[in-house]
>>> print(open('protein_16.txt').read())   # compact mmCIF, C-alpha atoms and all ligand atoms
# COMPACT_ATOMS: atom_id res chain seq x y z
CA MET G 2 103.73 128.65 128.00
CA ALA G 3 100.04 128.17 127.19
CA ILE G 4 100.12 124.81 125.48
CA SER G 5 97.31 122.28 125.86
CA GLU G 6 97.33 120.23 129.07
CA LYS G 7 96.49 117.17 127.02
CA VAL G 8 99.42 117.68 124.66
CA ARG G 9 101.71 118.38 127.61
CA GLU G 10 100.71 115.05 129.18
CA GLN G 11 101.13 113.23 125.88
CA MET G 12 104.58 114.74 125.37
CA GLU G 13 105.58 113.75 128.90
CA ALA G 14 104.33 110.22 128.34
CA SER G 15 106.54 109.93 125.28
CA SER G 16 109.47 112.02 126.50
CA TRP G 17 111.65 108.91 126.77
CA ILE G 18 111.76 108.82 122.94
CA ARG G 19 113.22 112.30 122.83
CA ARG G 20 115.59 111.48 125.68
CA MET G 21 116.85 108.40 123.84
CA PHE G 22 117.32 110.44 120.69
CA GLU G 23 119.28 113.09 122.58
CA GLU G 24 121.41 110.50 124.34
CA GLY G 25 122.14 108.87 120.98
CA MET G 26 123.27 112.23 119.60
CA GLU G 27 125.51 112.72 122.61
CA LEU G 28 127.06 109.25 122.18
CA ARG G 29 127.75 110.02 118.52
CA ARG G 30 129.41 113.28 119.52
CA ILE G 31 131.65 111.59 122.07
CA HIS G 32 132.50 108.36 120.27
CA GLY G 33 132.04 109.29 116.59
CA ALA G 34 128.96 108.33 114.54
CA GLU G 35 130.68 105.25 113.08
CA ASN G 36 131.10 103.76 116.55
CA VAL G 37 127.45 104.07 117.59
CA PHE G 38 125.14 101.33 116.32
CA ASP G 39 121.67 102.77 116.04
CA LEU G 40 119.00 100.08 115.77
CA SER G 41 116.30 102.23 117.30
CA LEU G 42 114.58 103.73 114.25
CA GLY G 43 112.12 102.36 111.72
CA ASN G 44 113.37 104.53 108.88
CA PRO G 45 113.23 102.40 105.72
CA LEU G 46 116.73 101.84 104.36
CA LEU G 47 116.05 100.60 100.84
CA GLU G 48 115.73 103.14 98.05
CA PRO G 49 112.55 103.15 95.97
CA PRO G 50 112.58 100.68 93.06
CA PRO G 51 113.86 102.01 89.68
CA GLU G 52 110.29 102.28 88.32
CA PHE G 53 109.63 105.02 90.85
CA ASN G 54 112.35 107.34 89.55
CA GLU G 55 111.47 106.60 85.93
CA VAL G 56 107.80 107.52 86.39
CA LEU G 57 108.61 110.51 88.59
CA ARG G 58 111.05 111.93 86.01
CA ARG G 59 108.63 111.36 83.15
CA ILE G 60 105.76 113.08 84.94
CA VAL G 61 107.91 116.03 85.96
CA ASN G 62 109.29 116.37 82.43
CA GLU G 63 105.85 116.26 80.87
CA ASP G 64 105.14 119.66 82.41
CA THR G 65 101.40 119.03 82.11
CA PRO G 66 99.45 122.11 83.22
CA GLY G 67 97.46 121.49 86.40
CA THR G 68 99.73 118.71 87.70
CA HIS G 69 100.19 120.45 91.04
CA ARG G 70 96.68 121.82 91.62
CA TYR G 71 94.03 120.73 94.11
CA MET G 72 91.97 117.72 93.13
CA PRO G 73 88.89 116.08 94.70
CA ASN G 74 89.76 115.66 98.40
CA GLY G 75 89.68 111.87 98.20
CA GLY G 76 92.36 111.87 95.51
CA PHE G 77 92.70 111.63 91.74
CA PRO G 78 90.09 109.17 90.40
CA ASP G 79 92.84 107.45 88.38
CA ALA G 80 95.03 106.95 91.43
CA ARG G 81 92.11 105.57 93.46
CA ALA G 82 91.18 103.21 90.63
CA ALA G 83 94.79 101.99 90.28
CA VAL G 84 95.03 101.26 94.02
CA ALA G 85 91.67 99.47 93.89
CA LYS G 86 92.74 97.33 90.94
CA GLN G 87 95.92 96.17 92.69
CA LEU G 88 94.20 95.54 96.01
CA ALA G 89 91.43 93.58 94.27
CA ALA G 90 94.06 91.44 92.52
CA GLU G 91 95.89 90.76 95.80
CA SER G 92 92.88 90.19 98.04
CA GLY G 93 90.29 88.76 95.65
CA VAL G 94 87.82 91.37 96.94
CA PRO G 95 86.13 93.49 94.22
CA PHE G 96 87.42 96.95 95.15
CA THR G 97 86.68 99.95 92.96
CA GLY G 98 88.10 103.46 93.19
CA GLU G 99 85.02 104.45 95.23
CA ASP G 100 86.30 102.30 98.11
CA ILE G 101 89.71 103.98 98.22
CA LEU G 102 90.73 107.31 99.71
CA MET G 103 94.26 108.59 99.06
CA THR G 104 95.87 109.72 102.33
CA VAL G 105 98.96 111.31 103.83
CA GLY G 106 100.61 108.01 104.76
CA ALA G 107 99.20 105.34 107.05
CA ALA G 108 99.38 107.81 109.94
CA GLY G 109 97.12 110.18 108.01
CA ALA G 110 94.83 107.29 107.09
CA LEU G 111 94.43 106.23 110.72
CA ASN G 112 93.77 109.76 111.94
CA VAL G 113 91.20 110.33 109.18
CA PHE G 114 89.44 107.05 109.97
CA LEU G 115 89.39 107.71 113.72
CA ARG G 116 88.11 111.27 113.22
CA SER G 117 85.34 109.84 111.04
CA VAL G 118 83.98 107.31 113.54
CA LEU G 119 84.74 108.60 117.03
CA ASP G 120 82.50 110.64 119.26
CA ARG G 121 83.86 111.87 122.57
CA ASP G 122 84.82 109.00 124.89
CA ASP G 123 84.19 106.28 122.33
CA GLU G 124 86.70 103.50 122.80
CA VAL G 125 89.27 101.99 120.47
CA VAL G 126 91.00 98.74 121.33
CA ILE G 127 94.65 98.22 120.39
CA ILE G 128 96.54 94.99 120.93
CA ALA G 129 99.95 94.85 122.60
CA PRO G 130 102.61 95.08 121.40
CA TYR G 131 101.46 98.07 119.38
CA PHE G 132 102.88 101.06 117.51
CA ALA G 133 102.97 103.65 120.32
CA GLU G 134 101.64 106.50 118.16
CA TYR G 135 98.20 104.81 118.08
CA ILE G 136 97.60 106.12 121.59
CA PHE G 137 98.06 109.72 120.49
CA TYR G 138 96.08 109.30 117.26
CA ILE G 139 93.13 107.93 119.22
CA GLN G 140 93.34 110.60 121.91
CA HIS G 141 93.70 113.39 119.33
CA GLN G 142 90.51 112.25 117.68
CA GLY G 143 88.59 112.27 120.98
CA GLY G 144 88.71 108.57 121.74
CA VAL G 145 89.72 106.48 124.73
CA VAL G 146 92.39 103.79 124.35
CA ARG G 147 91.87 100.27 125.64
CA GLU G 148 94.74 97.81 125.50
CA ALA G 149 94.22 94.10 124.91
CA GLN G 150 97.09 91.72 125.66
CA CYS G 151 98.92 89.19 123.50
CA ASP G 152 100.07 85.64 124.19
CA LYS G 153 103.72 84.55 124.39
CA ASN G 154 103.88 84.27 120.58
CA PHE G 155 102.67 87.88 120.26
CA MET G 156 99.30 86.72 118.95
CA PRO G 157 96.26 88.57 120.27
CA ASP G 158 94.89 87.08 123.48
CA ILE G 159 91.30 86.70 122.32
CA ALA G 160 89.93 86.50 125.87
CA SER G 161 91.65 89.79 126.65
CA LEU G 162 90.30 91.32 123.43
CA LYS G 163 86.76 90.20 124.33
CA SER G 164 87.04 91.61 127.82
CA ASN G 165 87.90 95.00 126.34
CA LEU G 166 84.86 95.16 124.05
CA ASN G 167 81.82 96.97 125.41
CA GLU G 168 78.98 99.27 124.34
CA HIS G 169 81.48 102.14 123.82
CA THR G 170 83.80 100.24 121.46
CA ARG G 171 83.91 101.79 118.00
CA ALA G 172 86.97 100.10 116.54
CA VAL G 173 89.72 97.55 117.05
CA VAL G 174 93.07 98.30 115.43
CA ILE G 175 95.42 95.49 114.44
CA ASN G 176 98.84 95.72 112.80
CA THR G 177 100.21 92.78 110.85
CA PRO G 178 103.08 92.34 109.99
CA ASN G 179 103.56 93.92 113.34
CA ASN G 180 105.74 96.73 114.57
CA PRO G 181 107.59 95.86 116.88
CA THR G 182 107.47 92.03 116.63
CA GLY G 183 107.43 91.34 112.87
CA VAL G 184 104.84 88.58 113.39
CA ILE G 185 101.99 88.10 110.95
CA TYR G 186 98.60 87.10 112.36
CA PRO G 187 97.47 83.93 110.56
CA GLU G 188 94.04 83.69 108.94
CA SER G 189 92.70 81.67 111.91
CA VAL G 190 93.55 84.51 114.30
CA ILE G 191 91.94 87.13 112.04
CA ALA G 192 88.85 84.89 111.93
CA GLU G 193 88.74 84.73 115.73
CA ILE G 194 89.04 88.51 115.96
CA GLY G 195 86.18 88.87 113.46
CA GLU G 196 84.00 86.48 115.49
CA ALA G 197 84.74 88.37 118.70
CA LEU G 198 83.65 91.62 117.06
CA GLN G 199 80.46 90.14 115.65
CA GLU G 200 79.57 88.65 119.05
CA ALA G 201 80.14 92.03 120.68
CA GLU G 202 78.10 93.86 118.03
CA GLU G 203 75.20 91.50 118.69
CA ARG G 204 75.51 91.69 122.45
CA PHE G 205 75.68 95.49 122.59
CA GLY G 206 73.59 96.32 119.52
CA THR G 207 76.47 98.40 118.11
CA GLU G 208 78.73 98.52 115.09
CA ILE G 209 82.46 97.97 115.52
CA TYR G 210 85.10 98.51 112.84
CA LEU G 211 88.09 96.26 112.40
CA VAL G 212 90.99 98.40 111.20
CA SER G 213 94.10 96.76 109.84
CA ASP G 214 97.19 98.96 109.72
CA GLU G 215 99.31 97.37 107.00
CA PRO G 216 102.33 99.49 106.04
CA TYR G 217 104.51 96.33 106.15
CA ARG G 218 102.14 94.11 104.14
CA LYS G 219 104.58 93.67 101.27
CA LEU G 220 107.61 93.13 103.48
CA ILE G 221 106.95 89.44 104.08
CA TYR G 222 109.50 86.61 104.19
CA SER G 223 107.21 83.57 104.09
CA ASP G 224 105.45 82.15 101.03
CA ASP G 225 102.05 82.02 102.73
CA PRO G 226 99.38 84.28 101.23
CA TYR G 227 98.72 87.40 103.27
CA PRO G 228 95.54 86.95 105.35
CA PHE G 229 93.30 89.89 104.50
CA ILE G 230 90.64 90.93 107.00
CA PHE G 231 87.76 91.62 104.62
CA LYS G 232 86.02 88.27 104.67
CA HIS G 233 86.22 88.05 108.45
CA HIS G 234 84.32 91.21 109.33
CA VAL G 235 82.11 93.30 107.10
CA ARG G 236 82.93 96.59 108.82
CA SER G 237 86.59 96.45 107.93
CA VAL G 238 89.08 99.01 106.78
CA VAL G 239 92.72 98.87 105.73
CA ALA G 240 95.02 101.81 106.46
CA THR G 241 98.36 101.63 104.72
CA SER G 242 101.06 103.50 102.87
CA HIS G 243 104.01 103.20 100.53
CA SER G 244 106.42 104.39 103.22
CA LYS G 245 108.01 100.96 103.51
CA ASP G 246 107.06 98.92 100.44
CA LEU G 247 108.24 101.63 98.03
CA GLY G 248 110.66 103.34 100.44
CA LEU G 249 108.70 106.61 100.31
CA ALA G 250 108.32 107.42 104.02
CA GLY G 251 109.18 111.08 103.51
CA GLU G 252 106.74 111.53 100.63
CA ARG G 253 103.68 110.80 102.78
CA ILE G 254 101.52 108.76 100.45
CA GLY G 255 99.06 106.08 101.51
CA HIS G 256 95.42 105.12 101.40
CA ILE G 257 92.35 103.88 103.21
CA ALA G 258 90.46 100.95 101.68
CA VAL G 259 86.92 100.33 102.93
CA ASN G 260 85.40 96.86 102.54
CA PRO G 261 83.14 97.11 99.46
CA ALA G 262 80.59 94.95 101.31
CA ASP G 263 80.33 97.33 104.28
CA PRO G 264 76.69 98.54 104.36
CA GLY G 265 77.91 101.83 105.87
CA LYS G 266 80.68 102.45 103.36
CA VAL G 267 79.12 105.44 101.59
CA ASP G 268 78.66 107.28 104.89
CA LEU G 269 82.15 106.28 106.00
CA MET G 270 83.76 107.47 102.75
CA ASP G 271 81.86 110.77 102.97
CA ALA G 272 82.95 111.24 106.58
CA ALA G 273 86.54 110.26 105.81
CA THR G 274 86.71 112.67 102.86
CA PHE G 275 85.40 115.44 105.13
CA ALA G 276 87.91 114.50 107.86
CA LEU G 277 90.79 114.41 105.37
CA ARG G 278 89.87 117.89 104.20
CA THR G 279 89.25 119.49 107.58
CA LEU G 280 92.04 117.89 109.58
CA GLY G 281 94.16 120.08 107.37
CA PHE G 282 95.51 117.44 105.02
CA VAL G 283 93.12 118.68 102.25
CA ASN G 284 94.39 115.92 99.97
CA ALA G 285 97.26 113.46 99.66
CA PRO G 286 100.33 114.84 97.81
CA ALA G 287 99.39 115.24 94.13
CA LEU G 288 102.67 114.26 92.51
CA MET G 289 103.00 111.12 94.61
CA GLN G 290 99.45 110.07 93.80
CA ARG G 291 100.31 110.28 90.11
CA VAL G 292 103.50 108.30 90.50
CA VAL G 293 102.29 105.49 92.76
CA ALA G 294 99.21 105.01 90.57
CA GLU G 295 101.56 103.74 87.87
CA ILE G 296 103.68 101.44 90.01
CA GLN G 297 101.16 99.65 92.21
CA ASP G 298 102.79 96.28 91.53
CA ALA G 299 106.34 97.44 92.37
CA THR G 300 108.09 96.88 95.71
CA VAL G 301 111.54 97.50 97.14
CA ASP G 302 113.86 94.49 96.96
CA VAL G 303 112.44 92.56 99.90
CA SER G 304 115.22 89.96 99.68
CA GLU G 305 117.59 92.62 101.09
CA TYR G 306 115.51 92.94 104.25
CA ARG G 307 115.17 89.16 104.43
CA LYS G 308 118.97 88.78 104.42
CA LYS G 309 119.24 91.26 107.26
CA ARG G 310 116.49 89.45 109.17
CA ASP G 311 118.29 86.12 108.73
CA PHE G 312 121.64 87.57 109.76
CA MET G 313 120.41 89.39 112.83
CA TYR G 314 118.07 86.66 114.04
CA ALA G 315 120.83 84.04 113.75
CA ALA G 316 123.41 86.32 115.37
CA LEU G 317 121.27 87.28 118.36
CA THR G 318 119.96 83.77 119.03
CA ASP G 319 123.52 82.37 118.70
CA LEU G 320 124.63 84.82 121.35
CA GLY G 321 121.88 83.47 123.62
CA TYR G 322 119.06 85.98 123.15
CA SER G 323 115.58 84.53 123.05
CA CYS G 324 113.53 85.81 120.14
CA ILE G 325 110.61 84.85 117.89
CA ARG G 326 111.69 84.66 114.24
CA PRO G 327 109.64 87.32 112.50
CA ASP G 328 108.00 86.72 109.12
CA GLY G 329 107.66 90.35 108.12
CA ALA G 330 108.49 94.05 108.64
CA PHE G 331 112.06 94.93 109.68
CA TYR G 332 112.13 94.46 113.44
CA LEU G 333 113.12 91.83 115.99
CA PHE G 334 111.60 91.85 119.46
CA PRO G 335 113.85 89.75 121.72
CA GLU G 336 113.19 89.05 125.36
CA SER G 337 115.07 91.39 127.63
CA PRO G 338 117.71 89.47 129.63
CA LEU G 339 116.88 91.82 132.54
CA SER G 340 113.25 91.88 133.64
CA ASP G 341 113.49 95.69 133.48
CA ASP G 342 113.73 96.30 129.73
CA VAL G 343 114.50 100.00 130.17
CA LYS G 344 117.56 99.08 132.28
CA PHE G 345 118.68 96.58 129.66
CA VAL G 346 118.30 99.11 126.86
CA GLN G 347 120.43 101.48 128.95
CA LEU G 348 123.03 98.75 129.38
CA LEU G 349 123.09 98.25 125.59
CA GLN G 350 123.38 101.99 125.19
CA SER G 351 126.48 101.95 127.41
CA LYS G 352 127.88 99.49 124.82
CA LEU G 353 126.94 102.00 122.07
CA VAL G 354 124.02 99.95 120.76
CA LEU G 355 120.70 101.82 120.55
CA THR G 356 117.40 99.91 120.75
CA VAL G 357 113.91 100.65 122.10
CA PRO G 358 112.43 99.20 125.32
CA GLY G 359 109.31 97.03 124.99
CA VAL G 360 107.47 99.19 127.50
CA GLY G 361 107.19 101.77 124.71
CA PHE G 362 105.06 99.27 122.78
CA GLY G 363 102.92 98.26 125.77
CA THR G 364 104.95 95.07 126.31
CA PRO G 365 107.62 95.37 129.02
CA GLY G 366 110.21 92.60 129.28
CA TYR G 367 111.28 92.87 125.62
CA PHE G 368 113.18 95.33 123.43
CA ARG G 369 112.96 96.25 119.75
CA VAL G 370 115.83 95.94 117.32
CA SER G 371 115.38 97.57 113.88
CA TYR G 372 117.41 95.83 111.23
CA CYS G 373 116.62 98.30 108.43
CA VAL G 374 120.19 99.64 108.63
CA GLU G 375 123.43 99.04 106.74
CA ASP G 376 125.03 95.61 107.28
CA SER G 377 128.06 97.28 108.86
CA VAL G 378 125.80 98.66 111.62
CA LEU G 379 124.27 95.23 112.27
CA GLU G 380 127.72 93.61 112.33
CA GLY G 381 129.19 96.36 114.50
CA SER G 382 126.39 96.04 117.07
CA LEU G 383 127.09 92.38 117.88
CA LYS G 384 130.01 93.07 120.19
CA GLY G 385 127.78 95.30 122.34
CA PHE G 386 124.99 92.71 122.35
CA ALA G 387 127.47 90.03 123.47
CA GLU G 388 129.00 92.18 126.20
CA ALA G 389 125.62 93.27 127.57
CA LEU G 390 124.40 89.68 127.82
CA ASP G 391 127.66 88.59 129.49
CA GLU G 392 127.33 91.39 131.98
CA VAL G 393 123.77 90.36 132.91
CA ARG G 394 124.85 86.74 133.26
CA SER G 395 127.81 87.64 135.46
CA ILE G 396 125.57 89.76 137.73
CA GLU G 397 123.05 86.93 137.97
CA GLY G 398 125.94 84.58 138.78
C1 LIG B 1 102.73 100.15 112.51
C2 LIG B 1 102.87 101.47 111.87
N1 LIG B 1 101.76 102.13 111.51
C3 LIG B 1 101.83 103.33 110.91
C4 LIG B 1 103.04 103.93 110.69
C5 LIG B 1 103.05 105.27 110.03
O1 LIG B 1 103.55 105.13 108.75
P1 LIG B 1 103.34 106.18 107.59
O2 LIG B 1 104.69 106.63 107.20
O3 LIG B 1 102.69 105.39 106.51
O4 LIG B 1 102.46 107.25 108.08
C6 LIG B 1 104.23 103.30 111.06
C7 LIG B 1 105.54 103.94 110.86
O5 LIG B 1 106.57 103.49 111.25
C8 LIG B 1 104.14 102.02 111.67
O6 LIG B 1 105.23 101.35 112.04
>>> encode(input="protein_16.txt", output="structure tokens")
Amino acid sequence: MAISEKVREQMEASSWIRRMFEEGMELRRIHGAENVFDLSLGNPLLEPPPEFNEVLRRIVNEDTPGTHRYMPNGGFPDARAAVAKQLAAESGVPFTGEDILMTVGAAGALNVFLRSVLDRDDEVVIIAPYFAEYIFYIQHQGGVVREAQCDKNFMPDIASLKSNLNEHTRAVVINTPNNPTGVIYPESVIAEIGEALQEAEERFGTEIYLVSDEPYRKLIYSDDPYPFIFKHHVRSVVATSHSKDLGLAGERIGHIAVNPADPGKVDLMDAATFALRTLGFVNAPALMQRVVAEIQDATVDVSEYRKKRDFMYAALTDLGYSCIRPDGAFYLFPESPLSDDVKFVQLLQSKLVLTVPGVGFGTPGYFRVSYCVEDSVLEGSLKGFAEALDEVRSIEG
């Protein structure tokens, strides 16, 4: 079949995801769905907050003519202004609607941004462990991926970041709270990243964007203020969505926010609006723009995810797993008891517990556990976790 070579290679590189999915289906068929404990997906569990349904119903019932038509590609001015107002209140940065572009989720936001800044063979640096789809987004938009490493606390290794910056670097993408680790980069780390970018810009006479992918920004379990990137690098952009904080993953609504102080922001917004239109998105979903504009200060009940984090972290560490306690998102990233994380994930699978190997996030030697599932699934998985660890220990003697 005449499909693109590039897409064929990309599909092969990620075929393990499909294989895992198929094996999970097979296990469910054999053992019954209730006996398979699937902690492999990042599908938000919590329903949207009540405000969402109230506003949605009201808007639908209003039957206002034109509700479902096209609008300016960047989104309804009211929706952009509402997002700007909330982001300004949270970050202390004076955003206006002009700095916001409504997008088809964070994935759409990232693709639009990358399409806007990349010429062929320009480089984008991502920092391990990373959301694996970044690789495909960057390649789709004509870029080349460079991977910087992290330290043992999953913080960016700044020396590794610096060694990956060169005259071809157009952007560095960070993700905090992070998928798969749940760690949040503190302000000091963001500052170091900003300094590294400014040094590189000066050395190479180029401009480099810092892009922060923040779909988990409101799923935070510490009281510390969230460290925004804007004051640490002038060419900075946030890509985010309401997939997780409002539980709207299937509705595909998000935005790009460009630093109001960025001297290139008008060009970037023009390019991003063009990219949004011509990548085939045309605009973000109209109905969702209208709804989220009215509930910018609402969030799912984060305490539910916190309880699951506390339960699962305590349970796994009590069993003897070694794991950093995450401050955000809904994942744990324990060390794999076998040095081969794929083998360990297979061992867990044989105990009917489904997780994802760290190699899929650019960080072998670990595995990802999603705790955004019902409590019964978390509880039911513990037997398999215990047996798998015992089995490794007995082999190691
Ligand atoms: C780190 C990260 N970025 C982006 C996305 C894409 O999210 P969205 O649904 O907003 O497109 C995800 C989804 O899981 C994610 O984990």
>>> closest_atom_pairs(input="protein_16.txt", of="chain G", to="ligand LIG 1 (chain B)", cutoff="8 Å", atoms="all atoms listed in the file", output="JSON lines")
{"residue": "G:Gly43", "atom": "CA", "partner": "B:LIG1", "partner_atom": "O5", "distance": 5.7}
{"residue": "G:Asn44", "atom": "CA", "partner": "B:LIG1", "partner_atom": "O5", "distance": 7.3}
{"residue": "G:Val105", "atom": "CA", "partner": "B:LIG1", "partner_atom": "O4", "distance": 6.8}
{"residue": "G:Gly106", "atom": "CA", "partner": "B:LIG1", "partner_atom": "O3", "distance": 3.8}
{"residue": "G:Ala107", "atom": "CA", "partner": "B:LIG1", "partner_atom": "O3", "distance": 3.5}
{"residue": "G:Ala108", "atom": "CA", "partner": "B:LIG1", "partner_atom": "O4", "distance": 3.6}
{"residue": "G:Gly109", "atom": "CA", "partner": "B:LIG1", "partner_atom": "O4", "distance": 6.1}
{"residue": "G:Ala110", "atom": "CA", "partner": "B:LIG1", "partner_atom": "O4", "distance": 7.7}
{"residue": "G:Leu111", "atom": "CA", "partner": "B:LIG1", "partner_atom": "C3", "distance": 8.0}
{"residue": "G:Tyr131", "atom": "CA", "partner": "B:LIG1", "partner_atom": "C1", "distance": 7.3}
{"residue": "G:Phe132", "atom": "CA", "partner": "B:LIG1", "partner_atom": "C1", "distance": 5.1}
{"residue": "G:Glu134", "atom": "CA", "partner": "B:LIG1", "partner_atom": "C3", "distance": 7.9}
{"residue": "G:Tyr135", "atom": "CA", "partner": "B:LIG1", "partner_atom": "N1", "distance": 7.9}
{"residue": "G:Asn176", "atom": "CA", "partner": "B:LIG1", "partner_atom": "C1", "distance": 5.9}
{"residue": "G:Thr177", "atom": "CA", "partner": "B:LIG1", "partner_atom": "C1", "distance": 8.0}
{"residue": "G:Asn179", "atom": "CA", "partner": "B:LIG1", "partner_atom": "C1", "distance": 6.3}
{"residue": "G:Asn180", "atom": "CA", "partner": "B:LIG1", "partner_atom": "C1", "distance": 5.0}
{"residue": "G:Pro181", "atom": "CA", "partner": "B:LIG1", "partner_atom": "O6", "distance": 7.7}
{"residue": "G:Asp214", "atom": "CA", "partner": "B:LIG1", "partner_atom": "N1", "distance": 5.8}
{"residue": "G:Glu215", "atom": "CA", "partner": "B:LIG1", "partner_atom": "N1", "distance": 7.0}
{"residue": "G:Pro216", "atom": "CA", "partner": "B:LIG1", "partner_atom": "O3", "distance": 5.9}
{"residue": "G:Tyr217", "atom": "CA", "partner": "B:LIG1", "partner_atom": "C1", "distance": 7.6}
{"residue": "G:Thr241", "atom": "CA", "partner": "B:LIG1", "partner_atom": "O3", "distance": 6.0}
{"residue": "G:Ser242", "atom": "CA", "partner": "B:LIG1", "partner_atom": "O3", "distance": 4.4}
{"residue": "G:His243", "atom": "CA", "partner": "B:LIG1", "partner_atom": "O3", "distance": 6.5}
{"residue": "G:Ser244", "atom": "CA", "partner": "B:LIG1", "partner_atom": "O2", "distance": 4.9}
{"residue": "G:Lys245", "atom": "CA", "partner": "B:LIG1", "partner_atom": "O2", "distance": 7.5}
{"residue": "G:Leu249", "atom": "CA", "partner": "B:LIG1", "partner_atom": "O2", "distance": 8.0}
{"residue": "G:Ala250", "atom": "CA", "partner": "B:LIG1", "partner_atom": "O2", "distance": 4.9}
{"residue": "G:Gly251", "atom": "CA", "partner": "B:LIG1", "partner_atom": "O2", "distance": 7.3}
{"residue": "G:Arg253", "atom": "CA", "partner": "B:LIG1", "partner_atom": "O2", "distance": 6.2}
{"residue": "G:Ile254", "atom": "CA", "partner": "B:LIG1", "partner_atom": "O3", "distance": 7.0}
{"residue": "G:Gly255", "atom": "CA", "partner": "B:LIG1", "partner_atom": "O3", "distance": 6.2}
>>> residues_around(input="protein_16.txt", residues="range 359-370 of chain G", least_positions_apart="3", cutoff="9 Å", atoms="only C-alpha atoms", output="PyMOL selection string")
chain G and resi 15+17-18+40-42+128-133+148+150-151+180-182+331-343+345-346+355-356
>>> atom_distance(input="protein_16.txt", atom1="CA of Ser377 in chain G", atom2="CA of Met313 in chain G")
11.7 Å
>>> atom_distance(input="protein_16.txt", atom1="CA of Thr300 in chain G", atom2="CA of Ile221 in chain G")
11.3 Å
>>> closest_residue(input="protein_16.txt", among="G:Ser161, G:Thr318, G:Gln350, G:Asn260", to="Met26 in chain G", atoms="all atoms listed in the file")
G:Gln350
>>> atom_distance(input="protein_16.txt", atom1="CA of Gln290 in chain G", atom2="CA of Ala272 in chain G")
20.9 Å
>>> closest_residue(input="protein_16.txt", among="G:His256, G:Lys352, G:Arg218, G:Arg278", to="Ala330 in chain G", atoms="all atoms listed in the file")
G:Arg218
>>> residues_around(input="protein_16.txt", residues="Lys266 in chain G", least_positions_apart="2", cutoff="12 Å", atoms="only C-alpha atoms", output="PyMOL selection string")
chain G and resi 96+99-102+114+117-118+210+235-238+257-264+268-274
>>> residues_around(input="protein_16.txt", residues="range 136-145 of chain G", least_positions_apart="5", cutoff="8 Å", atoms="all atoms listed in the file", output="PyMOL selection string")
chain G and resi 11+111-112+115-116+119-125
>>> closest_residue(input="protein_16.txt", among="G:Val126, G:Ile31, G:Leu288, G:Val113", to="His69 in chain G", atoms="only C-alpha atoms")
G:Leu288
>>> residues_around(input="protein_16.txt", residues="range 379-389 of chain G", least_positions_apart="6", cutoff="8 Å", atoms="all atoms listed in the file", output="list in words")
Asn36, Phe38, Leu40, Met313, Ala316, Leu317, Leu320, Phe345, Leu348, Leu349, Lys352, Leu353, Val354 and Tyr372 of chain G
>>> build_atoms(input="protein_16.txt", residues="range 138-149 of chain G", atoms="N, CA and C atoms", output="mmCIF file, in the coordinates of the input")
data_model
loop_
_atom_site.group_PDB
_atom_site.id
_atom_site.type_symbol
_atom_site.label_atom_id
_atom_site.label_comp_id
_atom_site.auth_asym_id
_atom_site.auth_seq_id
_atom_site.Cartn_x
_atom_site.Cartn_y
_atom_site.Cartn_z
ATOM 1 N N TYR G 138 97.073 109.132 118.346
ATOM 2 C CA TYR G 138 96.080 109.300 117.260
ATOM 3 C C TYR G 138 94.669 109.194 117.846
ATOM 4 N N ILE G 139 94.469 108.175 118.658
ATOM 5 C CA ILE G 139 93.130 107.930 119.220
ATOM 6 C C ILE G 139 92.725 109.089 120.135
ATOM 7 N N GLN G 140 93.651 109.496 120.992
ATOM 8 C CA GLN G 140 93.340 110.600 121.910
ATOM 9 C C GLN G 140 93.101 111.900 121.136
ATOM 10 N N HIS G 141 93.902 112.167 120.124
ATOM 11 C CA HIS G 141 93.700 113.390 119.330
ATOM 12 C C HIS G 141 92.296 113.430 118.735
ATOM 13 N N GLN G 142 91.810 112.275 118.354
ATOM 14 C CA GLN G 142 90.510 112.250 117.680
ATOM 15 C C GLN G 142 89.371 112.023 118.672
ATOM 16 N N GLY G 143 89.644 112.239 119.950
ATOM 17 C CA GLY G 143 88.590 112.270 120.980
ATOM 18 C C GLY G 143 88.281 110.925 121.589
ATOM 19 N N GLY G 144 89.033 109.907 121.244
ATOM 20 C CA GLY G 144 88.710 108.570 121.740
ATOM 21 C C GLY G 144 89.468 108.184 122.995
ATOM 22 N N VAL G 145 89.074 107.039 123.537
ATOM 23 C CA VAL G 145 89.720 106.480 124.730
ATOM 24 C C VAL G 145 90.372 105.165 124.306
ATOM 25 N N VAL G 146 91.623 104.985 124.742
ATOM 26 C CA VAL G 146 92.390 103.790 124.350
ATOM 27 C C VAL G 146 92.120 102.665 125.323
ATOM 28 N N ARG G 147 91.883 101.479 124.789
ATOM 29 C CA ARG G 147 91.870 100.270 125.640
ATOM 30 C C ARG G 147 92.900 99.316 125.065
ATOM 31 N N GLU G 148 93.645 98.676 125.954
ATOM 32 C CA GLU G 148 94.740 97.810 125.500
ATOM 33 C C GLU G 148 94.411 96.350 125.772
ATOM 34 N N ALA G 149 94.358 95.545 124.731
ATOM 35 C CA ALA G 149 94.220 94.100 124.910
ATOM 36 C C ALA G 149 95.628 93.485 124.905
#
